[in-house]
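Novice: Dumping the structure here so I can ask a few things about it.
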Number of protein chains: 2
Amino acid sequence: MISRRSRPAKQPLSRELIVKTAYELLKEHGIEGMSMRKVAKALDTGPASLYVYVNNVQELSAYVLDYGLGQMVYPDSKDSTWKEQLFDLLHTYFLLLFEKPGLAEISLSTIPQGTNFLQLTERILAALHEGGIKSTSAAWGVDLLLLYVSSVAYEKVSWKKQGSSQISDAKKAFLQADKTQFPFIHRVKEEMFAGDTVSMERFRWGIDVILYGIQQEDN
Amino acid sequence: MISRRSRPAKQPLSRELIVKTAYELLKEHGIEGMSMRKVAKALDTGPASLYVYVNNVQELSAYVLDYGLGQMVYPDSKDSTWKEQLFDLLHTYFLLLFEKPGLAEISLSTIPQGTNFLQLTERILAALHEGGIKSTSAAWGVDLLLLYVSSVAYEKVSWKKQGSSQISDAKKAFLQADKTQFPFIHRVKEEMFAGDTVSMERFRWGIDVILYGIQQEDN
DNA sequence: ACCTGAACACCGTTCAAGT
DNA sequence: ACCTGAACACCGTTCAAGT
């Protein structure tokens with residue numbers, strides 16, 4: 001009795017294989033495609049099997065995020081200023097999070113588990129060092145920059161997912177805010193949603209703000 | 001046949017009552033205590049009943065966050081500088097998110113639905129205006145500041161929840177990072193986790209960085 | 001040691017029937 | 001219009017038994 005499967009001959013399980021499969025599902029179907037049960041099914045087994053290699057979903061998510069980081073192609077920007085280098089680096093990271101739905105979401109709540117994250121951190125620290133930023137500021141600065149990128153990516157992903165309901169309800173609340181009760185909101189309401197689209201203007205603004213601030217704080 | 005309940009006589013359902021009940025459950029048991037089913041059970045009904053007043057869990061979460069914002073007691077800091085005012089305001093917001101487990105989590109992924117969020121935004125804009133920040137910078141700055149507060153609160157909450165596993169795994173990875181492969185990480189590894197405890201030093205650092213940066217960017 | 005089906009204790013949301 | 005029990009289609013994790 002030979003069973004015929006669409007998949008090739010079954011490989012033995014391993015954490016690597018589990019993570020890779022989970023990443024593929026995430027890429028294809030977003031974060032909902034990456035449940036323990038669905039990963040198990042894709043590997044032709046029951047969910048209990050995964051727990052030999054991974055302690056829980058959060059841990060799997062952390063591995064998947066790091067695996068995704070491994071797919072990043074670092075920009076080659078030897079000739080540019082340290083700020084430009086940093087911007088390119090963070091922009092590349094942003095695009096990774098933005099293009100693989102689900103990765104942005106994971107990045108907001110999970111510290112990646114693996115060497116690829118160390119590598120990204122190392123590169124950012126190197127650029128900050130080149131900019132003459134002292135070590136405490138650099139250490140805290142990495143965190144702040146990564147957080148910023150994650151959250152902008154997450155915001156843009158959820159904005160893309162549901163053009164109407166959730167976000168434009170909030171938008172409406174601001175645009176319709178009472179002029180006398182909320183005078184300041186009324187004055188800037190249009191600007192609040194500017195640069196919210198494809199343009200990188202607002203993204204760049206945030207990076208610049210943080211870098212300027214770090215330089216100032218560093219003295 | 002008189003049924004005796006621990007709860008007082010059953011009030012008719014309303015969105016307000018649902019949100020209040022959800023908030024109470026969140027305060028008591030964190031985000032897991034706030035499922036549609038549990039909120040329904042606390043209200044002595046089935047989960048389907050809630051859908052008359054609320055479209056889905058995310059929407060309920062948005063209302064709950066705004067309800068929480070309504071519990072905020074704004075600091076009275078008329079005499080201080082605009083930066084000090086802003087810091088006090090954001091610190092108060094931080095404490096709210098930090099002390100009600102689950103609120104920090106919601107704040108990272110949900111735009112609050114209601115007037116209380118408008119009120120917080122208005123106050124921040126007022127302070128930025130006093131600091132002479134132009135409107136585009138102010139509009140984008142509010143976002144950046146609130147994002148920062150949410151994420152620091154979320155980080156601290158998850159750090160508090162699980163002292164060992166998830167976070168110290170990441171910590172370990174940094175502390176043990178190979179000296180020759182990751183020279184910059186090696187140089188700053190201790191600083192990366194400094195100020196991660198009770199002290200407000202790091203929180204203040206971040207706010208200062210953002211405010212300095214906004215002022216610079218504003219010219 | 002590794003693998004697994006079945007079970008446990010949950011979810012959010014919708015349906016169909018009631019008032 | 002509002003309310004609701006039951007059903008649908010899922011979750012993550014653990015157990016107990018297999019190899």
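Each chain in the structure tokens gets a letter, A, B and so on, in the order shown; residues start at 1 in every chain, and ligands are counted from 1 in the order they appear.
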As JSON, numbers by chain, please: every residue in region 60-190 of chain B that DSSP puts in alpha helix (DSSP H).
Specialist: {"B": [60, 61, 62, 63, 64, 65, 66, 67, 68, 69, 82, 83, 84, 85, 86, 87, 88, 89, 90, 91, 92, 93, 94, 95, 96, 97, 98, 99, 103, 104, 105, 106, 107, 108, 109, 115, 116, 117, 118, 119, 120, 121, 122, 123, 124, 125, 126, 127, 128, 129, 130, 135, 136, 137, 138, 139, 140, 141, 142, 143, 144, 145, 146, 147, 148, 149, 150, 151, 152, 153, 154, 155, 156, 157, 158, 159, 160, 161, 165, 166, 167, 168, 169, 170, 171, 172, 173, 174, 175, 183, 184, 185, 186, 187, 188, 189, 190]}
Novice: What's around DT19 (chain C) at 12 Å? Count only C-alpha atoms (C1' of nucleotides), leave out sequence neighbours fewer than 4 positions away in its own chain, and write the answer as a ChimeraX atom specification.
Specialist: /D:1-4
Novice: Would you write out those residues with C-alpha atoms (C1' of nucleotides), as a CSV table (one decimal), in the first residue's frame?
Specialist:
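New file result.csv:
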```csv
chain,number,residue,atom,x,y,z
D,1,DA,C1',-35.5,45.8,17.7
D,2,DC,C1',-33.4,43.1,20.9
D,3,DC,C1',-32.0,38.8,22.8
D,4,DT,C1',-30.3,34.2,22.9
```
Novice: Just need the residues of chain B within 8 Å of chain D, counting only C-alpha atoms (C1' of nucleotides), so spit them out as a list in words.
Specialist: Thr45, Gly46, Ala48, Ser49 and Val52 of chain B
Novice: For the selection just defined, write its residues with N, CA, C and O atoms to a file, as an mmCIF file, in the first residue's frame.
Specialist:
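Written out: selection08.cif:
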```cif
data_model
loop_
_atom_site.group_PDB
_atom_site.id
_atom_site.type_symbol
_atom_site.label_atom_id
_atom_site.label_comp_id
_atom_site.auth_asym_id
_atom_site.auth_seq_id
_atom_site.Cartn_x
_atom_site.Cartn_y
_atom_site.Cartn_z
ATOM 1 N N THR B 45 -25.334 36.523 29.949
ATOM 2 C CA THR B 45 -25.995 36.280 28.663
ATOM 3 C C THR B 45 -25.067 35.493 27.737
ATOM 4 O O THR B 45 -23.964 35.145 28.119
ATOM 5 N N GLY B 46 -25.524 35.234 26.536
ATOM 6 C CA GLY B 46 -24.689 34.532 25.564
ATOM 7 C C GLY B 46 -23.883 35.513 24.737
ATOM 8 O O GLY B 46 -24.206 36.696 24.662
ATOM 9 N N ALA B 48 -23.622 36.027 21.623
ATOM 10 C CA ALA B 48 -24.297 36.640 20.479
ATOM 11 C C ALA B 48 -24.928 37.982 20.836
ATOM 12 O O ALA B 48 -25.032 38.878 19.999
ATOM 13 N N SER B 49 -25.305 38.128 22.111
ATOM 14 C CA SER B 49 -25.982 39.357 22.538
ATOM 15 C C SER B 49 -25.112 40.601 22.358
ATOM 16 O O SER B 49 -25.613 41.693 22.107
ATOM 17 N N VAL B 52 -25.022 43.041 19.063
ATOM 18 C CA VAL B 52 -25.992 44.085 18.774
ATOM 19 C C VAL B 52 -25.366 45.465 18.984
ATOM 20 O O VAL B 52 -25.695 46.429 18.299
#
```
Novice: Within 8 Å of region 21-30 of chain A, counting only C-alpha atoms (C1' of nucleotides), which residues show up once you throw out same-chain ones fewer than 5 positions away? Write them as a tab-separated table (two decimals) with N, CA, C and O atoms, in the first residue's frame, please.
Specialist:
```
chain	number	residue	atom	x	y	z
A	39	VAL	N	0.54	24.73	10.60
A	39	VAL	CA	1.93	24.35	10.33
A	39	VAL	C	2.06	22.84	10.40
A	39	VAL	O	2.68	22.21	9.53
A	42	ALA	N	0.53	21.25	7.33
A	42	ALA	CA	1.41	21.41	6.16
A	42	ALA	C	2.57	20.42	6.21
A	42	ALA	O	3.12	20.03	5.18
A	43	LEU	N	2.95	20.04	7.41
A	43	LEU	CA	4.04	19.07	7.56
A	43	LEU	C	3.51	17.65	7.66
A	43	LEU	O	4.24	16.71	7.99
A	64	VAL	N	10.50	32.52	13.50
A	64	VAL	CA	10.04	32.88	12.16
A	64	VAL	C	10.48	34.29	11.79
A	64	VAL	O	10.95	34.54	10.68
A	67	TYR	N	14.06	34.21	11.01
A	67	TYR	CA	14.23	33.58	9.69
A	67	TYR	C	13.94	34.58	8.58
A	67	TYR	O	14.66	34.65	7.59
A	68	GLY	N	12.90	35.36	8.76
A	68	GLY	CA	12.57	36.41	7.80
A	68	GLY	C	13.70	37.43	7.68
A	68	GLY	O	14.07	37.83	6.57
A	100	LYS	N	5.82	41.14	3.80
A	100	LYS	CA	5.39	39.85	4.29
A	100	LYS	C	4.34	40.09	5.35
A	100	LYS	O	4.67	40.40	6.50
A	101	PRO	N	3.07	39.97	4.97
A	101	PRO	CA	2.05	40.31	5.95
A	101	PRO	C	2.19	39.41	7.18
A	101	PRO	O	2.38	38.22	7.05
A	102	GLY	N	2.11	39.95	8.34
A	102	GLY	CA	2.23	39.16	9.55
A	102	GLY	C	3.55	39.39	10.25
A	102	GLY	O	3.62	39.39	11.47
A	103	LEU	N	4.60	39.60	9.47
A	103	LEU	CA	5.91	39.82	10.06
A	103	LEU	C	5.93	41.11	10.88
A	103	LEU	O	6.52	41.16	11.96
```
Novice: Excluding region 105-113 of chain B and its own-chain neighbours fewer than 4 positions away, which residues fall within 6 Å of it when counting only C-alpha atoms (C1' of nucleotides)? Please give them as a ChimeraX atom specification.
Specialist: /B:62-63,65-66,150,154
Novice: Please check the contacts: residues of chain B at most 6 Å away from chain A, using only C-alpha atoms, listed as a list of chain:residue names.
Specialist: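 Result, ordered by chain then number: B:Glu122, B:Ser135, B:Thr136, B:Ala139, B:Phe184, B:Ile185, B:Val188, B:Glu191, B:Met192, B:Val209, B:Ile210, B:Tyr212, B:Gly213, B:Ile214.
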Novice: One decimal, Å: what's the distance from CA of Leu90 (chain B) over to CA of Arg204 (chain B), could you say?
Specialist: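 CA of Arg204 (chain B) lies 9.9 Å from CA of Leu90 (chain B).
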